[in-house]
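Asker: Sending over protein34.txt (compact mmCIF, C-alpha atoms and all ligand atoms).
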```
# COMPACT_ATOMS: atom_id res chain seq x y z
CA MET A 1 5.82 22.21 -31.31
CA THR A 2 4.82 25.88 -31.16
CA ALA A 3 5.59 27.95 -28.08
CA ALA A 4 1.86 28.23 -27.44
CA GLY A 5 1.48 24.45 -27.82
CA HIS A 6 4.35 23.87 -25.40
CA ARG A 7 2.82 26.25 -22.84
CA HIS A 8 -0.46 24.41 -23.18
CA THR A 9 1.25 21.07 -22.40
CA ILE A 10 2.89 22.44 -19.26
CA ASN A 11 -0.43 23.87 -18.12
CA ASP A 12 -2.06 20.48 -18.65
CA VAL A 13 0.57 18.81 -16.49
CA THR A 14 0.30 21.30 -13.62
CA GLN A 15 -3.48 21.07 -13.80
CA GLN A 16 -3.26 17.26 -13.48
CA ILE A 17 -0.95 17.61 -10.48
CA ARG A 18 -3.30 20.16 -8.89
CA GLU A 19 -6.21 17.76 -9.32
CA ARG A 20 -4.19 14.86 -7.94
CA TYR A 21 -3.36 16.77 -4.74
CA GLU A 22 -6.96 18.00 -4.40
CA ARG A 23 -8.23 14.43 -4.87
CA PHE A 24 -5.75 13.16 -2.29
CA ALA A 25 -6.93 15.82 0.17
CA ARG A 26 -10.64 15.18 -0.37
CA THR A 27 -10.84 11.42 -0.80
CA GLU A 28 -7.77 9.89 0.87
CA ALA A 29 -6.71 12.21 3.68
CA HIS A 30 -10.11 13.68 4.59
CA GLY A 31 -11.38 12.16 7.83
CA THR A 32 -8.14 10.37 8.64
CA SER A 33 -5.35 12.96 8.41
CA ALA A 34 -6.31 16.62 8.77
CA VAL A 35 -2.61 17.50 8.55
CA TYR A 36 -2.18 15.90 5.12
CA GLU A 37 -5.58 17.16 3.95
CA ASP A 38 -4.49 20.75 4.65
CA LEU A 39 -1.01 20.25 3.26
CA ALA A 40 -2.26 18.62 0.04
CA MET A 41 -4.75 21.47 -0.45
CA ALA A 42 -1.99 24.03 0.12
CA VAL A 43 0.24 22.32 -2.48
CA SER A 44 -2.64 22.20 -4.96
CA ARG A 45 -3.00 26.01 -4.68
CA ASP A 46 0.71 26.84 -4.86
CA GLU A 47 1.91 27.47 -8.43
CA PRO A 48 5.67 27.16 -7.66
CA ALA A 49 5.04 23.81 -5.91
CA LEU A 50 3.09 22.52 -8.90
CA ALA A 51 5.85 23.72 -11.26
CA MET A 52 8.44 21.91 -9.15
CA LEU A 53 6.43 18.66 -9.18
CA ALA A 54 5.96 18.97 -12.96
CA ARG A 55 9.72 18.55 -13.35
CA LEU A 56 9.45 15.00 -12.03
CA PRO A 57 8.27 11.94 -13.97
CA ALA A 58 4.52 11.34 -13.48
CA ALA A 59 5.08 8.34 -11.17
CA LYS A 60 7.20 10.51 -8.84
CA ARG A 61 4.65 13.24 -8.17
CA GLN A 62 2.71 11.38 -5.47
CA PRO A 63 1.63 13.32 -2.35
CA ASN A 64 2.85 10.47 -0.14
CA LEU A 65 6.32 10.68 -1.66
CA LEU A 66 6.59 14.48 -1.30
CA PHE A 67 5.22 14.47 2.24
CA GLY A 68 7.47 11.57 3.28
CA VAL A 69 10.51 13.50 2.03
CA LEU A 70 9.44 16.62 3.93
CA ARG A 71 9.11 14.64 7.14
CA LEU A 72 12.44 12.91 6.57
CA HIS A 73 13.97 16.40 6.80
CA GLY A 74 12.00 17.37 9.89
CA VAL A 75 9.79 19.89 8.05
CA PRO A 76 6.67 20.95 10.03
CA VAL A 77 4.04 19.37 7.78
CA ASP A 78 1.33 20.61 10.16
CA ARG A 79 2.18 24.20 9.14
CA PRO A 80 1.56 24.25 5.38
CA ALA A 81 2.91 27.79 4.80
CA ASP A 82 6.20 26.94 6.55
CA ALA A 83 6.40 23.57 4.79
CA LEU A 84 5.95 25.22 1.38
CA ALA A 85 8.55 27.90 2.21
CA TRP A 86 11.08 25.20 3.17
CA MET A 87 10.27 23.27 0.03
CA HIS A 88 10.95 26.28 -2.19
CA GLU A 89 14.23 27.07 -0.42
CA ASN A 90 15.36 23.47 -0.77
CA GLU A 91 13.94 22.58 -4.16
CA PRO A 92 17.03 20.73 -5.56
CA LEU A 93 17.21 18.58 -2.41
CA VAL A 94 13.48 17.81 -2.53
CA LEU A 95 13.69 16.83 -6.19
CA ASP A 96 16.76 14.64 -5.62
CA GLU A 97 15.13 12.84 -2.69
CA MET A 98 11.89 12.32 -4.62
CA ARG A 99 13.80 10.88 -7.57
CA ALA A 100 15.82 8.57 -5.33
CA ARG A 101 13.11 7.31 -2.96
CA ARG A 102 9.94 5.30 -3.46
CA THR A 103 6.66 5.01 -1.63
CA GLN A 104 7.01 1.54 -0.19
CA THR A 105 4.71 1.87 2.80
CA ASN A 106 4.68 -1.56 4.43
CA GLU A 107 1.46 -1.73 6.40
CA VAL A 108 1.41 -4.78 8.63
CA ALA A 109 -2.25 -4.18 9.61
CA ARG A 110 -3.26 -5.26 6.10
CA CYS A 111 -2.57 -8.82 7.31
CA ALA A 112 -5.80 -8.65 9.32
CA VAL A 113 -7.73 -8.16 6.09
CA LEU A 114 -5.80 -10.76 4.12
CA LEU A 115 -6.17 -13.42 6.83
CA PRO A 116 -9.84 -14.46 6.34
CA ALA A 117 -9.19 -14.85 2.59
CA LEU A 118 -6.00 -16.84 3.20
CA ALA A 119 -7.84 -19.07 5.65
CA ALA A 120 -10.44 -19.85 2.96
CA ILE A 121 -7.79 -21.72 0.95
CA GLU A 122 -6.90 -25.28 1.82
CA GLY A 123 -3.26 -25.42 2.96
CA PRO A 124 -0.52 -25.79 3.77
CA LEU A 125 0.19 -22.69 1.75
CA ALA A 126 3.13 -21.55 -0.37
CA VAL A 127 2.78 -17.77 -0.21
CA VAL A 128 4.38 -15.38 -2.68
CA GLU A 129 3.90 -11.67 -2.12
CA ALA A 130 4.06 -9.46 -5.21
CA GLY A 131 5.39 -6.06 -4.10
CA ALA A 132 6.51 -7.08 -0.62
CA SER A 133 8.57 -4.02 0.47
CA ALA A 134 10.22 -5.18 3.76
CA GLY A 135 8.13 -8.39 3.84
CA LEU A 136 5.94 -7.56 6.85
CA CYS A 137 2.73 -8.92 5.28
CA LEU A 138 4.52 -12.19 4.47
CA LEU A 139 4.76 -12.78 8.22
CA PHE A 140 0.98 -12.81 8.75
CA ASP A 141 1.20 -16.01 10.80
CA ALA A 142 3.48 -14.30 13.35
CA TRP A 143 0.87 -11.81 14.56
CA ARG A 144 -2.13 -12.09 16.86
CA TYR A 145 -5.44 -10.68 15.65
CA HIS A 146 -8.35 -9.08 17.45
CA TYR A 147 -11.47 -8.68 15.33
CA VAL A 148 -14.18 -6.47 16.80
CA GLY A 149 -17.65 -5.60 15.60
CA ASP A 150 -21.31 -5.81 16.40
CA GLY A 151 -21.41 -8.91 18.65
CA ILE A 152 -17.89 -9.88 17.51
CA ASP A 153 -14.87 -10.13 19.79
CA HIS A 154 -12.62 -12.68 18.13
CA HIS A 155 -8.98 -13.45 18.88
CA VAL A 156 -6.75 -15.67 16.77
CA GLY A 157 -2.99 -16.18 16.44
CA PRO A 158 -0.13 -16.92 18.80
CA ALA A 159 -0.86 -15.71 22.34
CA ASP A 160 2.80 -14.69 22.74
CA ALA A 161 2.98 -12.71 19.47
CA ASP A 162 5.04 -9.49 19.52
CA LEU A 163 2.14 -7.64 17.93
CA THR A 164 -1.66 -7.74 18.10
CA LEU A 165 -3.54 -6.22 15.17
CA THR A 166 -7.03 -4.95 15.84
CA CYS A 167 -9.47 -4.79 12.94
CA SER A 168 -13.12 -3.71 13.07
CA VAL A 169 -15.33 -5.93 10.97
CA GLU A 170 -18.85 -5.87 9.61
CA GLY A 171 -20.81 -8.35 7.54
CA PRO A 172 -20.48 -12.15 7.61
CA VAL A 173 -16.67 -12.31 7.72
CA PRO A 174 -15.53 -15.94 8.02
CA LEU A 175 -13.18 -15.29 10.94
CA PRO A 176 -10.72 -18.19 11.19
CA GLU A 177 -10.29 -20.26 14.35
CA ARG A 178 -6.69 -20.96 13.41
CA ILE A 179 -3.98 -19.23 11.40
CA PRO A 180 -3.42 -21.06 8.09
CA GLU A 181 -0.26 -23.17 7.96
CA VAL A 182 2.49 -21.71 5.78
CA GLY A 183 4.91 -24.28 4.31
CA TRP A 184 6.97 -21.83 2.27
CA ARG A 185 7.02 -18.11 1.59
CA ALA A 186 8.86 -15.55 -0.51
CA GLY A 187 8.35 -11.99 -1.66
CA LEU A 188 9.28 -10.08 -4.77
CA ASP A 189 9.94 -6.35 -4.98
CA LEU A 190 11.65 -3.94 -7.37
CA ASN A 191 13.47 -2.65 -4.29
CA PRO A 192 13.32 -5.02 -1.29
CA LEU A 193 13.82 -3.13 1.97
CA ASP A 194 16.11 -4.71 4.53
CA PRO A 195 14.27 -4.34 7.86
CA GLY A 196 17.64 -4.19 9.62
CA ASP A 197 18.70 -1.02 7.82
CA ALA A 198 18.22 2.14 9.92
CA ASP A 199 17.59 4.40 6.90
CA ASN A 200 14.89 2.03 5.62
CA ARG A 201 13.24 1.93 9.02
CA ARG A 202 13.23 5.71 9.26
CA TRP A 203 11.88 6.12 5.72
CA LEU A 204 9.06 3.62 6.39
CA GLU A 205 8.12 5.65 9.49
CA CYS A 206 8.09 8.88 7.47
CA LEU A 207 5.62 7.28 5.06
CA ILE A 208 3.07 6.83 7.85
CA TRP A 209 0.59 9.67 8.05
CA PRO A 210 1.19 12.16 10.89
CA GLU A 211 -1.75 11.42 13.16
CA HIS A 212 -1.42 7.62 12.85
CA ASP A 213 0.74 6.98 15.92
CA HIS A 214 -0.61 3.45 16.41
CA ARG A 215 0.67 2.55 12.93
CA VAL A 216 4.17 3.74 13.88
CA ARG A 217 4.09 1.55 16.99
CA ASP A 218 2.93 -1.47 14.96
CA LEU A 219 5.54 -0.82 12.29
CA ARG A 220 8.39 -0.70 14.82
CA SER A 221 7.25 -3.90 16.43
CA ALA A 222 6.77 -5.72 13.10
CA LEU A 223 10.15 -4.52 11.81
CA ALA A 224 11.84 -5.87 14.95
CA THR A 225 10.28 -9.27 14.27
CA ALA A 226 11.24 -9.10 10.59
CA GLN A 227 14.79 -8.20 11.56
CA ARG A 228 14.93 -11.44 13.52
CA VAL A 229 12.99 -13.72 11.16
CA ARG A 230 14.29 -12.25 7.88
CA PRO A 231 11.46 -13.02 5.45
CA ARG A 232 12.87 -13.74 2.01
CA VAL A 233 12.16 -10.88 -0.41
CA GLU A 234 13.86 -11.18 -3.79
CA PRO A 235 14.66 -8.21 -6.03
CA GLY A 236 12.69 -8.42 -9.25
CA ASP A 237 9.74 -7.30 -11.31
CA ILE A 238 6.29 -8.72 -10.71
CA LEU A 239 5.78 -9.15 -14.43
CA GLY A 240 9.07 -10.71 -15.43
CA ASP A 241 10.16 -12.58 -12.34
CA LEU A 242 7.02 -13.81 -10.58
CA PRO A 243 6.63 -17.14 -12.47
CA ASP A 244 10.14 -18.32 -11.58
CA LEU A 245 9.60 -17.51 -7.93
CA VAL A 246 6.20 -19.24 -7.74
CA ARG A 247 7.70 -22.33 -9.43
CA GLN A 248 10.23 -22.58 -6.60
CA ALA A 249 7.43 -23.47 -4.18
CA PRO A 250 7.83 -27.06 -2.97
CA ASP A 251 5.35 -29.69 -4.17
CA GLY A 252 2.44 -30.52 -1.89
CA LEU A 253 1.69 -26.90 -0.95
CA THR A 254 -1.11 -24.72 -2.32
CA PRO A 255 0.47 -21.76 -4.11
CA VAL A 256 -1.12 -18.37 -3.44
CA VAL A 257 0.07 -15.01 -4.70
CA ILE A 258 -0.87 -12.07 -2.51
CA HIS A 259 -0.66 -8.41 -3.42
CA SER A 260 -1.63 -5.36 -1.40
CA ALA A 261 -1.33 -1.70 -2.40
CA THR A 262 0.76 -2.78 -5.37
CA LEU A 263 -1.36 -2.71 -8.51
CA ALA A 264 -1.44 1.10 -8.60
CA TYR A 265 2.19 0.87 -9.69
CA LEU A 266 1.27 -1.09 -12.82
CA GLY A 267 -0.44 0.26 -15.92
CA LYS A 268 -3.76 -1.19 -17.05
CA ARG A 269 -2.24 -3.63 -19.51
CA ASP A 270 0.40 -4.82 -17.02
CA ARG A 271 -2.27 -5.45 -14.37
CA GLU A 272 -4.01 -7.74 -16.84
CA ARG A 273 -0.72 -9.46 -17.68
CA PHE A 274 -0.04 -9.99 -13.99
CA ARG A 275 -3.47 -11.52 -13.47
CA GLU A 276 -3.02 -13.80 -16.50
CA GLN A 277 0.38 -14.93 -15.25
CA VAL A 278 -1.00 -15.97 -11.87
CA ARG A 279 -3.86 -17.87 -13.56
CA ALA A 280 -1.41 -19.63 -15.89
CA LEU A 281 0.68 -20.70 -12.88
CA GLY A 282 -2.37 -22.38 -11.35
CA ALA A 283 -1.94 -20.28 -8.20
CA HIS A 284 -4.66 -18.59 -6.18
CA ARG A 285 -4.50 -14.81 -6.02
CA ILE A 286 -5.54 -12.73 -3.03
CA GLY A 287 -5.62 -9.01 -3.63
CA LEU A 288 -6.04 -6.08 -1.28
CA ASP A 289 -5.79 -3.30 -3.77
CA SER A 290 -7.62 -0.40 -5.31
CA ALA A 291 -11.02 -1.54 -6.53
CA ASN A 292 -10.28 0.47 -9.65
CA ALA A 293 -7.45 -1.91 -10.58
CA PHE A 294 -9.92 -4.15 -12.43
CA PRO A 295 -13.13 -2.60 -13.82
CA GLU A 296 -15.36 -5.62 -13.11
CA VAL A 297 -14.27 -5.54 -9.43
CA ALA A 298 -15.04 -1.82 -9.14
CA GLU A 299 -18.51 -2.47 -10.58
CA GLN A 300 -19.32 -4.97 -7.81
CA LEU A 301 -18.52 -2.52 -4.98
CA PRO A 302 -21.55 -1.11 -3.15
CA ALA A 303 -22.33 2.37 -4.46
CA ASP A 304 -21.63 4.12 -1.14
CA VAL A 305 -18.06 2.77 -0.85
CA ASN A 306 -15.35 5.30 -1.57
CA PRO A 307 -12.75 3.60 -3.82
CA GLY A 308 -10.27 6.34 -2.91
CA ARG A 309 -10.32 5.31 0.76
CA HIS A 310 -11.20 1.60 0.53
CA TYR A 311 -9.45 -1.30 -1.12
CA ALA A 312 -11.17 -4.35 -2.56
CA ILE A 313 -10.34 -7.72 -1.04
CA THR A 314 -10.48 -10.38 -3.73
CA LEU A 315 -9.87 -14.12 -3.99
CA ASP A 316 -8.98 -15.01 -7.56
CA ASP A 317 -11.42 -12.77 -9.43
CA ARG A 318 -14.14 -12.79 -6.82
CA LEU A 319 -14.78 -9.68 -4.73
CA LEU A 320 -15.10 -10.72 -1.08
CA GLY A 321 -15.42 -7.34 0.55
CA TYR A 322 -13.68 -4.04 1.02
CA ALA A 323 -11.34 -2.61 3.60
CA GLU A 324 -9.92 0.66 4.81
CA GLY A 325 -6.69 1.07 2.82
CA HIS A 326 -4.41 0.67 5.86
CA GLY A 327 -6.21 -2.41 7.17
CA GLY A 328 -8.10 -0.90 10.11
CA SER A 329 -11.51 -2.16 9.03
CA LEU A 330 -13.00 -4.89 6.90
CA SER A 331 -16.52 -5.20 5.47
CA TRP A 332 -17.52 -8.56 4.04
CA LEU A 333 -20.18 -8.87 1.38
CA PRO A 334 -23.07 -11.34 1.87
CA ASP A 335 -22.73 -14.84 0.39
CA ARG A 336 -18.97 -14.75 -0.11
CA ALA A 337 -16.47 -17.53 0.63
C1 LIG B 1 2.89 0.50 -1.28
S1 LIG B 1 4.03 -0.82 -1.21
C2 LIG B 1 3.03 -2.10 -0.45
C3 LIG B 1 3.87 -3.12 0.29
C4 LIG B 1 3.08 -4.25 0.93
N1 LIG B 1 2.44 -5.06 -0.07
C5 LIG B 1 2.06 -3.73 1.93
O1 LIG B 1 0.86 -3.80 1.64
O2 LIG B 1 2.44 -3.27 2.99
C6 LIG B 1 4.10 -1.38 -2.90
C7 LIG B 1 5.37 -2.15 -3.21
O3 LIG B 1 5.27 -2.68 -4.54
C8 LIG B 1 6.57 -2.61 -5.13
N2 LIG B 1 6.41 -2.66 -6.60
C9 LIG B 1 5.79 -1.76 -7.39
N3 LIG B 1 5.84 -2.16 -8.67
C10 LIG B 1 6.50 -3.33 -8.70
C11 LIG B 1 6.87 -4.23 -9.74
N4 LIG B 1 6.59 -4.00 -11.02
N5 LIG B 1 7.56 -5.36 -9.40
C12 LIG B 1 7.87 -5.60 -8.09
N6 LIG B 1 7.53 -4.77 -7.07
C13 LIG B 1 6.87 -3.66 -7.37
C14 LIG B 1 7.13 -1.31 -4.61
O4 LIG B 1 8.55 -1.28 -4.69
C15 LIG B 1 6.62 -1.31 -3.16
O5 LIG B 1 7.55 -1.88 -2.28
```
What is this structure when it is put down as structure tokens?
Ligand SMILES: C[S@@+](CC[C@H](N)C(=O)[O-])C[C@H]1O[C@@H](n2cnc3c(N)ncnc32)[C@H](O)[C@@H]1O

Answerer:
Amino acid sequence: MTAAGHRHTINDVTQQIRERYERFARTEAHGTSAVYEDLAMAVSRDEPALAMLARLPAAKRQPNLLFGVLRLHGVPVDRPADALAWMHENEPLVLDEMRARRTQTNEVARCAVLLPALAAIEGPLAVVEAGASAGLCLLFDAWRYHYVGDGIDHHVGPADADLTLTCSVEGPVPLPERIPEVGWRAGLDLNPLDPGDADNRRWLECLIWPEHDHRVRDLRSALATAQRVRPRVEPGDILGDLPDLVRQAPDGLTPVVIHSATLAYLGKRDRERFREQVRALGAHRIGLDSANAFPEVAEQLPADVNPGRHYAITLDDRLLGYAEGHGGSLSWLPDRA
């Protein structure tokens, strides 16, 4: 490759990173984290920061990973100029941490969005979570739920639960009267996180966006429950190891594979393979993932829904509605299960 050609490639990469941080600022952080919006914009305009990120593999350049690492080291992310200065002074450390760590945000509030879809399936259920992190979403029957909306004030779940998740709803959501019965459950993750490990707990907190204090409280509470209950999360790859795990489900239960905020980690072809695998296993599939994961799902989303901020909630291949990515709100489409 010529020197000019090589320069061109590097410029392409830094331009892609710049656009990724701008997109994160405008579509993901805007309106929900002013701190991360400003910080992502500052990174997108800082040539040395972009050059540093270009030295990482593409999958390791995520804003959430960089910002989580900064917070792990106590960097003032609400002061972008200071945060960038620290980053430049500590570049080898930042790069090492970003190579070693993963964005495994385990958002228990997503259970409130998964629940109406789970309750639509006749149980008892055998639940397998693909990309389970510390397994908090596998424990959806441990939490109490409070759904609120226009004329809606609905509680469900154990009255003595350690944690109540509040979710604002709109549209004809089929809110369950009872939590579905779970006969068996297991998760799969490339890197299962032990909820009893202090470093894991701290890292999961650092992955929560700065202004989202209620999410930190919920995470701590859910991790304490998980530490006690110990949901089973096996190390393995969704593509290679899922069938064996699903086949371990006892007879007489309805197998359902759930996945939330996971498909972004798979390429287009692997997402299709994953979907085919679940079909071939005869299991239901409930997804709470980027609407862009499957083109025909994205096409069904109402035009005014921002796919950068909202996830699609699907049962098998049917779009049921869409939800704020961290589970705070759920909109159900008309005429859905
Ligand atoms: C953003 S976290 C979401 C965790 C959880 N589902 C939730 O919604 O809170 C995505 C998880 O998927 C896992 N993951 C990504 N690709 C995977 C793969 N090919 N096989 C297994 N797990 C994977 C990651 O390690 C990470 O823990």

Asker: Excluding Leu118 (chain A) and any residue of its chain fewer than 6 positions from it, enumerate the residues within 9 Å of it, using all atoms listed in the file, and give them as JSON, numbers by chain.

Answerer: {"A": [125, 179, 180, 256, 286, 315]}

Asker: Could you work out how far CA of Asp141 (chain A) lies from CA of Val128 (chain A), giving the answer in Å with one decimal?

Answerer: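 These two atoms are separated by 13.9 Å.
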
Asker: Can you tell me which residues sit at most 6 Å away from ligand LIG 1 (chain B), counting only C-alpha atoms and all ligand atoms, written as a PDB file with C-alpha atoms, in the coordinates of the input?

Answerer:
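The file below, pocket29.pdb, is the result:
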```
ATOM      1  CA  THR A 103       6.660   5.010  -1.630  1.00  0.00           C
ATOM      2  CA  GLN A 104       7.010   1.540  -0.190  1.00  0.00           C
ATOM      3  CA  THR A 105       4.710   1.870   2.800  1.00  0.00           C
ATOM      4  CA  ASN A 106       4.680  -1.560   4.430  1.00  0.00           C
ATOM      5  CA  GLU A 107       1.460  -1.730   6.400  1.00  0.00           C
ATOM      6  CA  VAL A 108       1.410  -4.780   8.630  1.00  0.00           C
ATOM      7  CA  GLY A 131       5.390  -6.060  -4.100  1.00  0.00           C
ATOM      8  CA  ALA A 132       6.510  -7.080  -0.620  1.00  0.00           C
ATOM      9  CA  SER A 133       8.570  -4.020   0.470  1.00  0.00           C
ATOM     10  CA  LEU A 188       9.280 -10.080  -4.770  1.00  0.00           C
ATOM     11  CA  ASP A 189       9.940  -6.350  -4.980  1.00  0.00           C
ATOM     12  CA  LEU A 190      11.650  -3.940  -7.370  1.00  0.00           C
ATOM     13  CA  ASN A 191      13.470  -2.650  -4.290  1.00  0.00           C
ATOM     14  CA  GLY A 236      12.690  -8.420  -9.250  1.00  0.00           C
ATOM     15  CA  ASP A 237       9.740  -7.300 -11.310  1.00  0.00           C
ATOM     16  CA  ILE A 238       6.290  -8.720 -10.710  1.00  0.00           C
ATOM     17  CA  HIS A 259      -0.660  -8.410  -3.420  1.00  0.00           C
ATOM     18  CA  SER A 260      -1.630  -5.360  -1.400  1.00  0.00           C
ATOM     19  CA  ALA A 261      -1.330  -1.700  -2.400  1.00  0.00           C
ATOM     20  CA  THR A 262       0.760  -2.780  -5.370  1.00  0.00           C
ATOM     21  CA  TYR A 265       2.190   0.870  -9.690  1.00  0.00           C
TER      22      TYR A 265
END
```

Asker: Smallest atom-to-atom distance to Arg220 (chain A): which of A:Ala303, A:Ala280, A:Leu136, A:Val246, using all atoms listed in the file?

Answerer: A:Leu136

Asker: Dump as a ChimeraX atom specification all residues having an atom at most 9 Å from (7.6, 23.4, -3.3), computed in the file's coordinates with all atoms listed in the file.

Answerer: /A:43,46-53,83-91,94

Asker: Provide the CA of Ala54 (chain A) to CA of Asn11 (chain A) distance in Å, to one decimal place.

Answerer: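 Computing the Euclidean distance for CA of Ala54 (chain A) and CA of Asn11 (chain A) yields 9.6 Å.
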
Asker: Work out how far apart CA of Trp184 (chain A) and CA of Leu253 (chain A) are and give it in Å to one decimal.

Answerer: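 If I compute the distance from CA of Trp184 (chain A) to CA of Leu253 (chain A), I get 8.0 Å.
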
Asker: Could you name the residues that touch Ile17 (chain A) at 9 Å or less, counting only C-alpha atoms, but leaving out those on the same chain fewer than 3 positions away, as an mmCIF file with C-alpha atoms, keeping the file's coordinate frame?

Answerer:
```
data_model
loop_
_atom_site.group_PDB
_atom_site.id
_atom_site.type_symbol
_atom_site.label_atom_id
_atom_site.label_comp_id
_atom_site.auth_asym_id
_atom_site.auth_seq_id
_atom_site.Cartn_x
_atom_site.Cartn_y
_atom_site.Cartn_z
ATOM 1 C CA ASP A 12 -2.060 20.480 -18.650
ATOM 2 C CA VAL A 13 0.570 18.810 -16.490
ATOM 3 C CA THR A 14 0.300 21.300 -13.620
ATOM 4 C CA ARG A 20 -4.190 14.860 -7.940
ATOM 5 C CA TYR A 21 -3.360 16.770 -4.740
ATOM 6 C CA GLU A 22 -6.960 18.000 -4.400
ATOM 7 C CA SER A 44 -2.640 22.200 -4.960
ATOM 8 C CA LEU A 50 3.090 22.520 -8.900
ATOM 9 C CA LEU A 53 6.430 18.660 -9.180
ATOM 10 C CA ALA A 54 5.960 18.970 -12.960
ATOM 11 C CA ALA A 58 4.520 11.340 -13.480
ATOM 12 C CA ARG A 61 4.650 13.240 -8.170
ATOM 13 C CA GLN A 62 2.710 11.380 -5.470
#
```

Asker: Measuring atom to atom with only C-alpha atoms, identify which of A:Ala25, A:Val297, A:Ala323, A:Ala224 is nearest to Glu37 (chain A).

Answerer: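 Using only C-alpha atoms, the shortest distance to Glu37 (chain A) belongs to A:Ala25.
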
Asker: Would you compute, for all listed atoms of region 110-129 of chain A, the axis-aligned bounding box grown by 4 Å on each side, and then report its centre and edge lengths in Å rounded to one decimal, as AutoDock Vina command-line options?

Answerer:
```
--center_x -3.0 --center_y -15.5 --center_z 3.3 --size_x 22.8 --size_y 28.5 --size_z 20.0
```

Asker: Looking at A:Leu139, A:Ala100, A:Ala29, A:Leu115, which one is nearest to Arg230 (chain A), with distances taken over all atoms listed in the file?

Answerer: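 Smallest separation from Arg230 (chain A) among the options: A:Leu139.
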
Asker: Would you kindly return, as a PyMOL selection string, each protein, DNA or RNA residue with an atom no farther than 12 Å from any atom of Ala120 (chain A), considering only C-alpha atoms and excluding same-chain residues fewer than 2 positions away?

Answerer: chain A and resi 114-118+122-125+173-181+254+256+284-286+314-316+320+336-337

Asker: Using all atoms listed in the file, which of the listed residues (A:Val229, A:Leu204, A:Ala283, A:Met98) sits closest to Ala59 (chain A)?

Answerer: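 Once distances to Ala59 (chain A) are computed over all atoms listed in the file, the minimum belongs to A:Met98.
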
Asker: Find the residues around Phe294 (chain A) up to 9 Å (all atoms listed in the file counted), leave out those fewer than 5 positions away in its own chain, and share them as number ranges by chain.

Answerer: A: 268, 271-272, 299

Asker: Which one is closest to Arg309 (chain A): A:Gly135, A:Ser33, A:Phe274, A:Arg18? Count all atoms listed in the file.

Answerer: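 Among the listed residues, A:Ser33 lies closest to Arg309 (chain A).
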
Asker: May I ask which of the residues A:Val77, A:Ala142, A:Cys167, A:Cys206 is the closest one to Arg228 (chain A), counting all atoms listed in the file?

Answerer: A:Ala142

Asker: Give me, as a ChimeraX atom specification, all polymer residues having an atom no more than 9 Å from Gly68 (chain A), counting only C-alpha atoms and skipping those fewer than 2 positions away in the same chain.

Answerer: /A:63-66,70-73,103,203-209
